[in-house]
Amino acid sequence: MPELPEVEIVKRALEPAMVGRRVKRLVFNRADLRFPLPEGLPLALQGQRIERLLRRGKYILGFAENGAGFVLHLGMSGAVRIEPPAGTSLHEKHDHVEFHMDEGPRVVLNDPRRFGFLDAVGREDCQDYPALAAMGPEPLGNDFNAEILAVAIKGRKTPIKSALLDQRIVAGLGNIYVCEALYRAAIDPRRRAGDLNAKECTALCMSIRSVLRDAIEAGGSSLKDYKHTDGQLGYFQHHFAVYDRVGQGCGACECDIVETGGVQRIVQAGRSTFFCPEKQG
DNA sequence: CTCCTGTCCTGCCGGC
DNA sequence: TGCCGGCAGGACAGGA
């Protein structure tokens, strides 16, 4: 589910709930999600004040004053719920992890498919955490630009669609925002990544940034199950030009009334790709 | 190296 | 109404 914009929104909501507060108790309601839950984490965090949360790609990291910390990934179906301190602490199906904060809300991780994971990582060695160490630049940061992107995809024979899903090339993109970014840049998702010229890399870079910014501003995209930590829905899904819009017009050309028949769906590397053959052909 | 496939798991939707 | 197959936002291992 959650790609960079959704994770960013979750992280922003978690800050007032967690930062500056102590972890009264960290509770695991089962032994594993995608991977075994870190047995030592509850003790390492108990009584510790959370100093900082940060997002890297689709990961949320949190560090306590003693240097202990965690890395959280929501996978496809993971969601975070923040329950007010005085509220009746409702338990829902698939509530796997609960952060009970001192004099504060309860932060609940719910993940039906359990593709997400929570791991322990110290503040000092998070740079060495494998998934983070190999991760490409933050698309909204200063380290991402057309030249960097061009170097990263140089010589790659894989379709540009698949390349952009590779977190080592650029961090945080998933299937939705890759489709939308390629659409905005008017690039055919089937093109070989290494074949893009400098101008196209520039357009793609700008498109990636704009679609992510727009999505964050719109509160992310709520499809099957993504919700904000308070249960509210994002509304960027209403702004999709191509994602899950087979047969419909993309909105920018007359693709729906010419013979091409609007947005098309193809499968690349086992994933759905949506594109407008008129604009991106 | 690079690229692709299969796999983890549950829920939901459409077809029969 | 109910059952079944297919599909879903991600990431990793393993094999070609």
# chains A, B, ... in the order shown; residues from 1 in each chain; ligands from 1
>>> interface_residues(of="chain C", to="chain A", cutoff="10 Å", atoms="only C-alpha atoms (C1' of nucleotides)", output="list of chain:residue names")
C:DA8, C:DG9, C:DG10, C:DA11
>>> write_last_selection(atoms="all heavy atoms", output="PDB file, in the first residue's frame")
ATOM      1  P    DA C   8      -2.809  -6.964 -10.096  1.00  0.00           P
ATOM      2  OP1  DA C   8      -2.804  -5.881 -11.090  1.00  0.00           O
ATOM      3  OP2  DA C   8      -1.769  -8.006 -10.134  1.00  0.00           O
ATOM      4  O5'  DA C   8      -2.772  -6.322  -8.640  1.00  0.00           O
ATOM      5  C5'  DA C   8      -3.737  -5.351  -8.259  1.00  0.00           C
ATOM      6  C4'  DA C   8      -3.577  -5.055  -6.779  1.00  0.00           C
ATOM      7  O4'  DA C   8      -4.177  -6.117  -6.020  1.00  0.00           O
ATOM      8  C3'  DA C   8      -2.110  -5.037  -6.327  1.00  0.00           C
ATOM      9  O3'  DA C   8      -1.594  -3.708  -6.447  1.00  0.00           O
ATOM     10  C2'  DA C   8      -2.221  -5.434  -4.863  1.00  0.00           C
ATOM     11  C1'  DA C   8      -3.483  -6.286  -4.813  1.00  0.00           C
ATOM     12  N9   DA C   8      -3.195  -7.715  -4.692  1.00  0.00           N
ATOM     13  C8   DA C   8      -2.565  -8.523  -5.580  1.00  0.00           C
ATOM     14  N7   DA C   8      -2.460  -9.771  -5.195  1.00  0.00           N
ATOM     15  C5   DA C   8      -3.054  -9.777  -3.942  1.00  0.00           C
ATOM     16  C6   DA C   8      -3.264 -10.782  -2.988  1.00  0.00           C
ATOM     17  N6   DA C   8      -2.873 -12.048  -3.155  1.00  0.00           N
ATOM     18  N1   DA C   8      -3.878 -10.444  -1.843  1.00  0.00           N
ATOM     19  C2   DA C   8      -4.262  -9.181  -1.669  1.00  0.00           C
ATOM     20  N3   DA C   8      -4.127  -8.148  -2.487  1.00  0.00           N
ATOM     21  C4   DA C   8      -3.508  -8.510  -3.623  1.00  0.00           C
ATOM     22  P    DG C   9      -0.272  -3.491  -7.322  1.00  0.00           P
ATOM     23  OP1  DG C   9      -0.704  -2.953  -8.612  1.00  0.00           O
ATOM     24  OP2  DG C   9       0.593  -4.661  -7.292  1.00  0.00           O
ATOM     25  O5'  DG C   9       0.490  -2.356  -6.530  1.00  0.00           O
ATOM     26  C5'  DG C   9      -0.161  -1.260  -5.961  1.00  0.00           C
ATOM     27  C4'  DG C   9       0.826  -0.438  -5.149  1.00  0.00           C
ATOM     28  O4'  DG C   9       0.103   0.153  -4.094  1.00  0.00           O
ATOM     29  C3'  DG C   9       1.922  -1.182  -4.403  1.00  0.00           C
ATOM     30  O3'  DG C   9       2.927  -0.259  -4.025  1.00  0.00           O
ATOM     31  C2'  DG C   9       1.213  -1.743  -3.215  1.00  0.00           C
ATOM     32  C1'  DG C   9       0.196  -0.657  -2.934  1.00  0.00           C
ATOM     33  N9   DG C   9      -1.144  -1.196  -2.662  1.00  0.00           N
ATOM     34  C8   DG C   9      -1.635  -2.410  -3.036  1.00  0.00           C
ATOM     35  N7   DG C   9      -2.866  -2.616  -2.644  1.00  0.00           N
ATOM     36  C5   DG C   9      -3.210  -1.445  -1.980  1.00  0.00           C
ATOM     37  C6   DG C   9      -4.411  -1.067  -1.348  1.00  0.00           C
ATOM     38  O6   DG C   9      -5.460  -1.706  -1.253  1.00  0.00           O
ATOM     39  N1   DG C   9      -4.326   0.201  -0.802  1.00  0.00           N
ATOM     40  C2   DG C   9      -3.231   1.001  -0.864  1.00  0.00           C
ATOM     41  N2   DG C   9      -3.330   2.177  -0.292  1.00  0.00           N
ATOM     42  N3   DG C   9      -2.094   0.672  -1.455  1.00  0.00           N
ATOM     43  C4   DG C   9      -2.157  -0.564  -1.986  1.00  0.00           C
ATOM     44  P    DG C  10       4.396  -0.785  -4.082  1.00  0.00           P
ATOM     45  OP1  DG C  10       5.293   0.278  -3.623  1.00  0.00           O
ATOM     46  OP2  DG C  10       4.534  -1.377  -5.418  1.00  0.00           O
ATOM     47  O5'  DG C  10       4.446  -1.982  -3.008  1.00  0.00           O
ATOM     48  C5'  DG C  10       4.444  -1.698  -1.639  1.00  0.00           C
ATOM     49  C4'  DG C  10       5.626  -2.363  -0.940  1.00  0.00           C
ATOM     50  O4'  DG C  10       5.423  -3.791  -0.900  1.00  0.00           O
ATOM     51  C3'  DG C  10       6.971  -2.147  -1.614  1.00  0.00           C
ATOM     52  O3'  DG C  10       7.919  -2.014  -0.566  1.00  0.00           O
ATOM     53  C2'  DG C  10       7.210  -3.425  -2.410  1.00  0.00           C
ATOM     54  C1'  DG C  10       6.490  -4.454  -1.553  1.00  0.00           C
ATOM     55  N9   DG C  10       5.874  -5.541  -2.308  1.00  0.00           N
ATOM     56  C8   DG C  10       5.223  -5.454  -3.513  1.00  0.00           C
ATOM     57  N7   DG C  10       4.746  -6.604  -3.917  1.00  0.00           N
ATOM     58  C5   DG C  10       5.109  -7.495  -2.926  1.00  0.00           C
ATOM     59  C6   DG C  10       4.877  -8.890  -2.813  1.00  0.00           C
ATOM     60  O6   DG C  10       4.281  -9.625  -3.586  1.00  0.00           O
ATOM     61  N1   DG C  10       5.433  -9.413  -1.647  1.00  0.00           N
ATOM     62  C2   DG C  10       6.113  -8.688  -0.706  1.00  0.00           C
ATOM     63  N2   DG C  10       6.575  -9.361   0.361  1.00  0.00           N
ATOM     64  N3   DG C  10       6.338  -7.382  -0.801  1.00  0.00           N
ATOM     65  C4   DG C  10       5.813  -6.857  -1.933  1.00  0.00           C
ATOM     66  P    DA C  11       9.426  -1.630  -0.875  1.00  0.00           P
ATOM     67  OP1  DA C  11       9.887  -0.759   0.216  1.00  0.00           O
ATOM     68  OP2  DA C  11       9.498  -1.163  -2.265  1.00  0.00           O
ATOM     69  O5'  DA C  11      10.217  -2.997  -0.735  1.00  0.00           O
ATOM     70  C5'  DA C  11      10.274  -3.591   0.557  1.00  0.00           C
ATOM     71  C4'  DA C  11      10.818  -4.985   0.465  1.00  0.00           C
ATOM     72  O4'  DA C  11       9.925  -5.810  -0.320  1.00  0.00           O
ATOM     73  C3'  DA C  11      12.196  -5.082  -0.209  1.00  0.00           C
ATOM     74  O3'  DA C  11      12.986  -5.886   0.607  1.00  0.00           O
ATOM     75  C2'  DA C  11      11.897  -5.752  -1.543  1.00  0.00           C
ATOM     76  C1'  DA C  11      10.720  -6.629  -1.162  1.00  0.00           C
ATOM     77  N9   DA C  11       9.893  -7.025  -2.294  1.00  0.00           N
ATOM     78  C8   DA C  11       9.500  -6.251  -3.361  1.00  0.00           C
ATOM     79  N7   DA C  11       8.756  -6.885  -4.231  1.00  0.00           N
ATOM     80  C5   DA C  11       8.649  -8.165  -3.708  1.00  0.00           C
ATOM     81  C6   DA C  11       7.994  -9.310  -4.164  1.00  0.00           C
ATOM     82  N6   DA C  11       7.296  -9.357  -5.298  1.00  0.00           N
ATOM     83  N1   DA C  11       8.081 -10.431  -3.401  1.00  0.00           N
ATOM     84  C2   DA C  11       8.794 -10.384  -2.267  1.00  0.00           C
ATOM     85  N3   DA C  11       9.455  -9.351  -1.738  1.00  0.00           N
ATOM     86  C4   DA C  11       9.343  -8.258  -2.512  1.00  0.00           C
TER      87       DA C  11
END
>>> select_by_dssp(residues="range 24-255 of chain A", states="alpha helix (DSSP H)", output="PyMOL selection string")
chain A and resi 41-45+130-133+146-153+160-165+175-184+198-217
>>> interface_residues(of="chain A", to="chain B", cutoff="7 Å", atoms="only C-alpha atoms (C1' of nucleotides)", output="list in words")
Pro112, Arg113, Arg114 and Ala269 of chain A
>>> write_last_selection(atoms="N, CA, C and O atoms", output="tab-separated table (two decimals), in the first residue's frame")
chain	number	residue	atom	x	y	z
A	112	PRO	N	-2.88	-6.76	7.93
A	112	PRO	CA	-3.53	-8.04	7.61
A	112	PRO	C	-2.61	-9.01	6.87
A	112	PRO	O	-2.57	-10.19	7.21
A	113	ARG	N	-1.90	-8.53	5.89
A	113	ARG	CA	-1.10	-9.47	5.09
A	113	ARG	C	0.26	-9.78	5.71
A	113	ARG	O	0.95	-10.68	5.26
A	114	ARG	N	0.65	-8.99	6.67
A	114	ARG	CA	1.94	-9.17	7.35
A	114	ARG	C	3.11	-9.14	6.37
A	114	ARG	O	4.07	-9.90	6.49
A	269	ALA	N	7.25	-7.20	-15.46
A	269	ALA	CA	7.88	-7.85	-14.29
A	269	ALA	C	6.83	-8.26	-13.27
A	269	ALA	O	7.02	-8.11	-12.06
>>> closest_residue(among="A:Gly40, A:Phe63, A:Ser162, A:Leu149", to="Gly270 in chain A", atoms="only C-alpha atoms")
A:Ser162
>>> select_by_dssp(residues="range 41-216 of chain A", states="strand (DSSP E)", output="MDAnalysis selection string")
chainID A and resid 50:56 59:64 69:73 79:83 95:101 106:110 117:120
>>> atom_distance(atom1="CA of Arg184 in chain A", atom2="CA of Ala134 in chain A")
27.4 Å
